[in-house]
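What follows is run.txt (compact mmCIF, C-alpha atoms and all ligand atoms).
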# COMPACT_ATOMS: atom_id res chain seq x y z
CA MET A 100 0.00 0.00 0.00
CA PRO A 101 2.76 2.55 0.90
CA VAL A 102 4.46 1.62 -2.38
CA MET A 103 1.30 2.41 -4.37
CA TRP A 104 0.94 5.67 -2.48
CA THR A 105 4.56 6.59 -3.26
CA VAL A 106 4.02 5.80 -6.97
CA LYS A 107 0.93 8.03 -7.03
CA VAL A 108 2.77 10.91 -5.36
CA VAL A 109 5.73 10.61 -7.73
CA GLY A 110 3.33 10.42 -10.70
CA LEU A 111 1.49 13.54 -9.61
CA GLY A 112 4.83 15.28 -9.05
CA VAL A 113 5.95 14.46 -12.61
CA VAL A 114 2.66 15.76 -14.05
CA ALA A 115 2.90 18.96 -11.99
CA LEU A 116 6.51 19.48 -13.08
CA SER A 117 5.74 19.02 -16.78
CA LEU A 118 2.75 21.39 -16.53
CA SER A 119 4.92 23.98 -14.79
CA LEU A 120 7.55 23.70 -17.52
CA GLU A 121 4.92 24.14 -20.25
CA LEU A 122 3.54 27.19 -18.44
CA LEU A 123 7.04 28.63 -18.13
CA ILE A 124 7.76 28.08 -21.86
CA TRP A 125 4.41 29.68 -22.75
CA LEU A 126 5.20 32.70 -20.55
CA ILE A 127 8.70 33.08 -22.05
CA ARG A 128 7.20 32.98 -25.54
CA ARG A 129 4.53 35.54 -24.63
CA LEU A 130 7.07 37.92 -23.12
CA ARG A 131 9.72 37.54 -25.83
CA PRO A 132 10.57 40.99 -27.23
CA GLY A 133 9.13 41.72 -30.67
CA ARG A 134 6.62 38.92 -30.59
CA ALA A 135 3.69 41.09 -29.65
CA LEU A 136 3.52 42.97 -32.95
CA ASN A 137 -0.06 42.95 -34.20
CA GLU A 138 -1.36 45.80 -36.30
CA VAL A 139 -4.38 46.37 -38.52
CA LEU A 140 -4.37 48.94 -41.31
CA PHE A 141 -7.41 50.17 -43.19
CA PHE A 142 -7.50 51.71 -46.64
CA PRO A 143 -8.02 53.93 -48.58
CA SER A 144 -4.98 55.58 -47.11
CA GLU A 145 -4.63 59.28 -46.58
CA ILE A 146 -2.47 60.62 -49.40
CA ALA A 147 0.85 61.95 -48.14
CA CYS A 148 4.48 62.09 -49.19
CA VAL A 149 6.46 58.94 -48.39
CA GLU A 150 9.84 60.17 -49.58
CA HIS A 151 11.19 60.40 -46.01
CA ILE A 152 10.62 56.67 -45.57
CA PHE A 153 12.99 55.96 -48.44
CA THR A 154 15.51 58.68 -47.69
CA PRO A 155 15.78 59.24 -43.93
CA PRO A 156 16.80 61.15 -41.89
CA SER A 157 15.58 64.24 -43.72
CA PRO A 158 11.78 64.09 -43.25
CA TYR A 159 10.96 67.54 -44.59
CA SER A 160 13.55 68.02 -47.34
CA CYS A 161 11.16 66.88 -50.09
CA VAL A 162 9.57 69.76 -52.02
CA CYS A 163 6.60 67.94 -53.57
CA SER A 164 3.06 69.28 -53.07
CA LEU A 165 1.82 66.40 -50.89
CA PRO A 166 1.48 66.72 -47.10
CA HIS A 167 4.70 65.84 -45.25
CA GLY A 168 5.40 64.25 -41.87
CA VAL A 169 2.03 62.46 -41.89
CA GLU A 170 1.86 58.84 -40.78
CA THR A 171 -0.70 56.95 -42.88
CA SER A 172 -1.78 53.35 -43.43
CA PHE A 173 0.37 53.30 -46.54
CA SER A 174 3.45 54.71 -44.79
CA ARG A 175 3.00 52.08 -42.04
CA LEU A 176 2.83 49.37 -44.71
CA LEU A 177 6.00 50.67 -46.35
CA ARG A 178 7.84 50.81 -43.01
CA HIS A 179 6.97 47.20 -42.23
CA LEU A 180 8.15 46.09 -45.66
CA LEU A 181 11.38 48.05 -45.42
CA SER A 182 12.10 46.49 -42.02
CA ALA A 183 13.23 43.35 -43.86
CA THR A 184 16.88 42.49 -43.23
CA SER A 185 17.21 38.99 -44.67
CA SER A 186 14.21 37.95 -46.81
CA LEU A 187 10.95 39.03 -48.39
CA ASP A 188 8.56 36.46 -49.82
CA LEU A 189 5.80 38.20 -51.70
CA CYS A 190 2.70 36.54 -53.07
CA VAL A 191 0.43 39.08 -54.73
CA PHE A 192 -2.15 39.02 -57.50
CA ALA A 193 -1.79 42.60 -58.82
CA PHE A 194 1.40 44.61 -58.48
CA SER A 195 1.41 48.03 -60.15
CA ASN A 196 2.06 50.40 -57.23
CA MET A 197 5.33 52.22 -57.92
CA ASP A 198 6.12 53.07 -54.29
CA LEU A 199 5.73 49.44 -53.29
CA CYS A 200 7.86 48.47 -56.28
CA ARG A 201 10.48 50.97 -55.14
CA ALA A 202 10.44 49.45 -51.64
CA VAL A 203 11.01 45.96 -53.05
CA LEU A 204 13.86 47.26 -55.24
CA VAL A 205 15.44 48.98 -52.22
CA LEU A 206 15.35 45.71 -50.29
CA HIS A 207 16.89 43.87 -53.23
CA SER A 208 19.68 46.47 -53.46
CA ARG A 209 20.34 46.01 -49.71
CA GLY A 210 20.99 42.32 -50.27
CA VAL A 211 17.64 41.10 -48.93
CA THR A 212 16.60 37.87 -50.67
CA VAL A 213 13.38 38.75 -52.50
CA ARG A 214 11.07 36.18 -54.07
CA VAL A 215 7.91 37.25 -55.87
CA LEU A 216 5.07 34.97 -56.83
CA THR A 217 2.29 36.47 -58.94
CA ASP A 218 -0.52 35.73 -61.33
CA LYS A 219 0.54 35.07 -64.91
CA ASP A 220 -2.33 37.05 -66.48
CA TYR A 221 -2.04 40.16 -64.32
CA ALA A 222 1.77 40.19 -64.63
CA ALA A 223 1.41 40.92 -68.34
CA ILE A 224 -0.97 43.90 -68.15
CA THR A 225 0.06 47.52 -68.70
CA GLY A 226 1.37 49.15 -65.54
CA SER A 227 2.40 45.92 -63.87
CA GLN A 228 5.73 46.34 -62.07
CA ILE A 229 6.64 42.67 -62.38
CA GLY A 230 8.82 43.35 -65.44
CA VAL A 231 10.69 46.07 -63.51
CA LEU A 232 11.40 43.62 -60.70
CA ARG A 233 12.60 40.99 -63.16
CA LYS A 234 14.89 43.47 -64.93
CA ALA A 235 16.44 44.33 -61.56
CA GLY A 236 17.35 40.67 -61.13
CA ILE A 237 14.63 39.77 -58.62
CA CYS A 238 13.44 36.19 -58.78
CA VAL A 239 9.80 36.19 -59.98
CA ARG A 240 7.59 33.18 -60.61
CA CYS A 241 4.15 33.29 -62.20
CA ASP A 242 1.46 30.89 -61.14
CA VAL A 243 0.74 28.58 -64.05
CA GLY A 244 -2.52 27.15 -62.71
CA SER A 245 -5.89 27.54 -64.40
CA VAL A 246 -7.35 29.70 -61.59
CA TYR A 247 -6.27 33.13 -60.37
CA MET A 248 -3.36 33.31 -57.95
CA HIS A 249 -5.39 35.74 -55.87
CA HIS A 250 -3.30 35.89 -52.68
CA LYS A 251 -2.11 39.19 -51.24
CA PHE A 252 0.46 38.43 -48.60
CA ALA A 253 4.09 39.03 -47.77
CA VAL A 254 6.37 37.37 -45.24
CA VAL A 255 9.25 39.49 -43.97
CA ASP A 256 12.34 37.74 -42.55
CA ASP A 257 10.29 34.55 -42.03
CA GLN A 258 8.66 36.17 -38.99
CA LEU A 259 6.39 39.04 -39.98
CA LEU A 260 3.21 38.42 -41.95
CA ILE A 261 1.49 41.14 -43.98
CA THR A 262 -1.83 39.98 -45.39
CA GLY A 263 -5.32 41.20 -46.24
CA SER A 264 -7.51 42.31 -49.11
CA LEU A 265 -5.09 44.89 -50.50
CA ASN A 266 -3.72 44.38 -53.98
CA TRP A 267 -0.45 46.23 -54.55
CA THR A 268 -2.02 48.85 -56.82
CA LEU A 269 -2.49 52.61 -56.54
CA THR A 270 -6.27 52.20 -56.77
CA ALA A 271 -6.35 49.74 -53.88
CA VAL A 272 -4.17 52.00 -51.72
CA GLN A 273 -5.84 55.33 -52.48
CA SER A 274 -9.42 54.51 -53.50
CA ASN A 275 -10.65 51.14 -52.22
CA MET A 276 -11.87 50.03 -48.82
CA GLU A 277 -9.28 47.43 -47.92
CA ASN A 278 -7.71 45.87 -44.86
CA VAL A 279 -4.22 44.67 -44.01
CA LEU A 280 -3.26 42.63 -40.97
CA ILE A 281 0.35 42.69 -39.80
CA THR A 282 1.42 40.13 -37.24
CA LYS A 283 4.34 38.23 -35.77
CA GLU A 284 2.15 35.50 -34.27
CA PRO A 285 4.06 32.32 -35.17
CA GLU A 286 0.82 30.30 -35.37
CA LEU A 287 -0.34 32.63 -38.16
CA VAL A 288 2.99 33.28 -39.87
CA ARG A 289 3.98 29.62 -40.17
CA PRO A 290 1.12 28.46 -42.46
CA PHE A 291 1.83 31.36 -44.85
CA ILE A 292 5.53 30.42 -45.01
CA LYS A 293 4.46 26.85 -45.76
CA GLU A 294 1.99 27.93 -48.44
CA PHE A 295 4.52 30.22 -50.10
CA HIS A 296 7.06 27.40 -50.14
CA ARG A 297 4.50 25.04 -51.68
CA LEU A 298 3.47 27.51 -54.39
CA TRP A 299 7.08 28.48 -55.09
CA LEU A 300 8.06 24.88 -55.75
CA HIS A 301 4.85 24.17 -57.66
CA ASN A 302 5.58 27.06 -60.05
CA ASP A 303 9.25 26.34 -60.57
CA PRO A 304 9.80 26.99 -64.33
CA ALA A 305 12.28 24.11 -64.50
CA ARG A 306 9.56 21.75 -63.33
CA TYR A 307 6.97 23.30 -65.64
CA LEU A 308 9.25 23.32 -68.69
CA SER A 309 10.40 19.79 -68.08
CA SER A 310 6.76 18.61 -68.09
CA VAL A 311 6.20 20.52 -71.37
CA ASP A 312 9.36 18.92 -72.78
CA GLN A 313 8.08 15.53 -71.72
CA LYS A 314 4.73 16.15 -73.45
CA LEU A 315 6.51 17.32 -76.64
CA ALA A 316 8.81 14.32 -76.54
CA HIS A 317 5.73 12.12 -76.17
CA VAL A 318 4.05 13.82 -79.16
CA PHE A 319 7.16 13.46 -81.32
CA THR A 320 7.57 9.86 -80.27
CA ARG A 321 3.97 9.13 -81.24
CA ALA A 322 4.39 11.02 -84.54
CA SER A 323 7.40 8.95 -85.48
CA ASP A 324 5.64 5.66 -84.69
ZN ZN A 401 7.30 65.12 -50.67
Once more with this new file: its structure as structure tokens, please.
Amino acid sequence: MPVMWTVKVVGLGVVALSLSLELLIWLIRRLRPGRALNEVLFFPSEIACVEHIFTPPSPYSCVCSLPHGVETSFSRLLRHLLSATSSLDLCVFAFSNMDLCRAVLVLHSRGVTVRVLTDKDYAAITGSQIGVLRKAGICVRCDVGSVYMHHKFAVVDDQLLITGSLNWTLTAVQSNMENVLITKEPELVRPFIKEFHRLWLHNDPARYLSSVDQKLAHVFTRASD
């Protein structure tokens, strides 16, 4: 009987210890600096100059006619994007906004690894900045599926997710009612990293071209039979 009692006490002790450890890990994660970033932006954005975001620290040196020194939804979006130090994975249906294009080019010039996944139909329309990105040497892949690649999300440094209804166009930023959620919650960021990785591999031109080559080889083989 005392032996059984001892076993029960030890068992309860082990359970209590493991629960305490889990609680401690949870608390450490909650209190970790930088984790708590959660922000929601609504559009249309107030129209203001964003030059100071690209060329700090001279916030008022620009002489354009737009309001200066005004923080807007769009300037917040740009700041989050430009916070990238190692990588930017961008998955967006429509990309024609020149300020956003400039931000991506700035990141590329800083040595940030930029990957862009977009829709093949929209990439070809007038005003699309996809060609500009490609010319700058940024790795771009177009979704080759039969349905629209309608995502609008970006993952910065594998830890910051920017997602919502906003296409990367001037109309969406300045005229439409849109929302953007910005978060560092790992439970939300992780699935987007996984989805980007899946789509990136799925739309690898080498894979796509090799399947086309295989089909052509099959056709030629049949023709020569
Ligand atoms: Zn200005």
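CA of Leu280 in chain A to CA of Asn196 in chain A spans 18.8 Å [interatomic distance, one decimal].
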### Task
Tell me, as an MDAnalysis selection string, which residues lie within 12 Å of Val191 in chain A, counting only C-alpha atoms; anything in the same chain fewer than 4 positions away does not count.
chainID A and resid 195:196 199 214:219 221:222 227:229 239:242 247:254 261:268 295 298
### Task
Fewer than 5 positions away in the same chain doesn't count, so skip those; otherwise give me all residues within 10 Å of Ser182 in chain A, counting all atoms listed in the file, as a PyMOL selection string.
chain A and resi 177+187+206+255-256+259
For chain A against ligand ZN 401 (chain A), with a cut-off of 12 Å and counting only C-alpha atoms and all ligand atoms, what is the closest atom pair and its distance in Å to one decimal for every residue that makes the cut, ordered by chain and number, as a Markdown table?
| residue | atom | partner | partner_atom | distance |
| --- | --- | --- | --- | --- |
| A:Ile146 | CA | A:ZN401 | ZN | 10.8 |
| A:Ala147 | CA | A:ZN401 | ZN | 7.6 |
| A:Cys148 | CA | A:ZN401 | ZN | 4.4 |
| A:Val149 | CA | A:ZN401 | ZN | 6.6 |
| A:Glu150 | CA | A:ZN401 | ZN | 5.7 |
| A:His151 | CA | A:ZN401 | ZN | 7.7 |
| A:Ile152 | CA | A:ZN401 | ZN | 10.4 |
| A:Phe153 | CA | A:ZN401 | ZN | 11.0 |
| A:Thr154 | CA | A:ZN401 | ZN | 10.9 |
| A:Ser157 | CA | A:ZN401 | ZN | 10.8 |
| A:Pro158 | CA | A:ZN401 | ZN | 8.7 |
| A:Tyr159 | CA | A:ZN401 | ZN | 7.5 |
| A:Ser160 | CA | A:ZN401 | ZN | 7.7 |
| A:Cys161 | CA | A:ZN401 | ZN | 4.3 |
| A:Val162 | CA | A:ZN401 | ZN | 5.3 |
| A:Cys163 | CA | A:ZN401 | ZN | 4.1 |
| A:Ser164 | CA | A:ZN401 | ZN | 6.4 |
| A:Leu165 | CA | A:ZN401 | ZN | 5.6 |
| A:Pro166 | CA | A:ZN401 | ZN | 7.0 |
| A:His167 | CA | A:ZN401 | ZN | 6.1 |
| A:Gly168 | CA | A:ZN401 | ZN | 9.0 |
| A:Val169 | CA | A:ZN401 | ZN | 10.6 |
Assuming 5 Å of padding per side, give the centre and edge lengths of the axis-aligned box around every listed atom of range 186-204 of chain A, in Å to one decimal and as AutoDock Vina command-line options.
--center_x 6.0 --center_y 44.8 --center_z -53.5 --size_x 26.4 --size_y 26.6 --size_z 23.3
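Interatomic distance, CA of Asp188 in chain A against CA of Asn275 in chain A: 24.3 Å.
In this structure, CA of Glu145 in chain A sits 16.7 Å away from CA of Met197 in chain A.
Here the question is which of A:Ala193, A:Val213, A:Val231, A:Val109 gets nearest to Thr270 in chain A using all atoms listed in the file, and that residue is A:Ala193.
With only C-alpha atoms as the atoms that count, the minimum distance from Pro143 in chain A to the choices A:Leu287, A:Leu269, A:Cys200, A:Val205 is reached by A:Leu269.
Among A:Ala223, A:Leu181, A:Val106, A:Val279, the residue with the shortest atom-to-atom distance to Leu204 in chain A, counting only C-alpha atoms, is A:Leu181.
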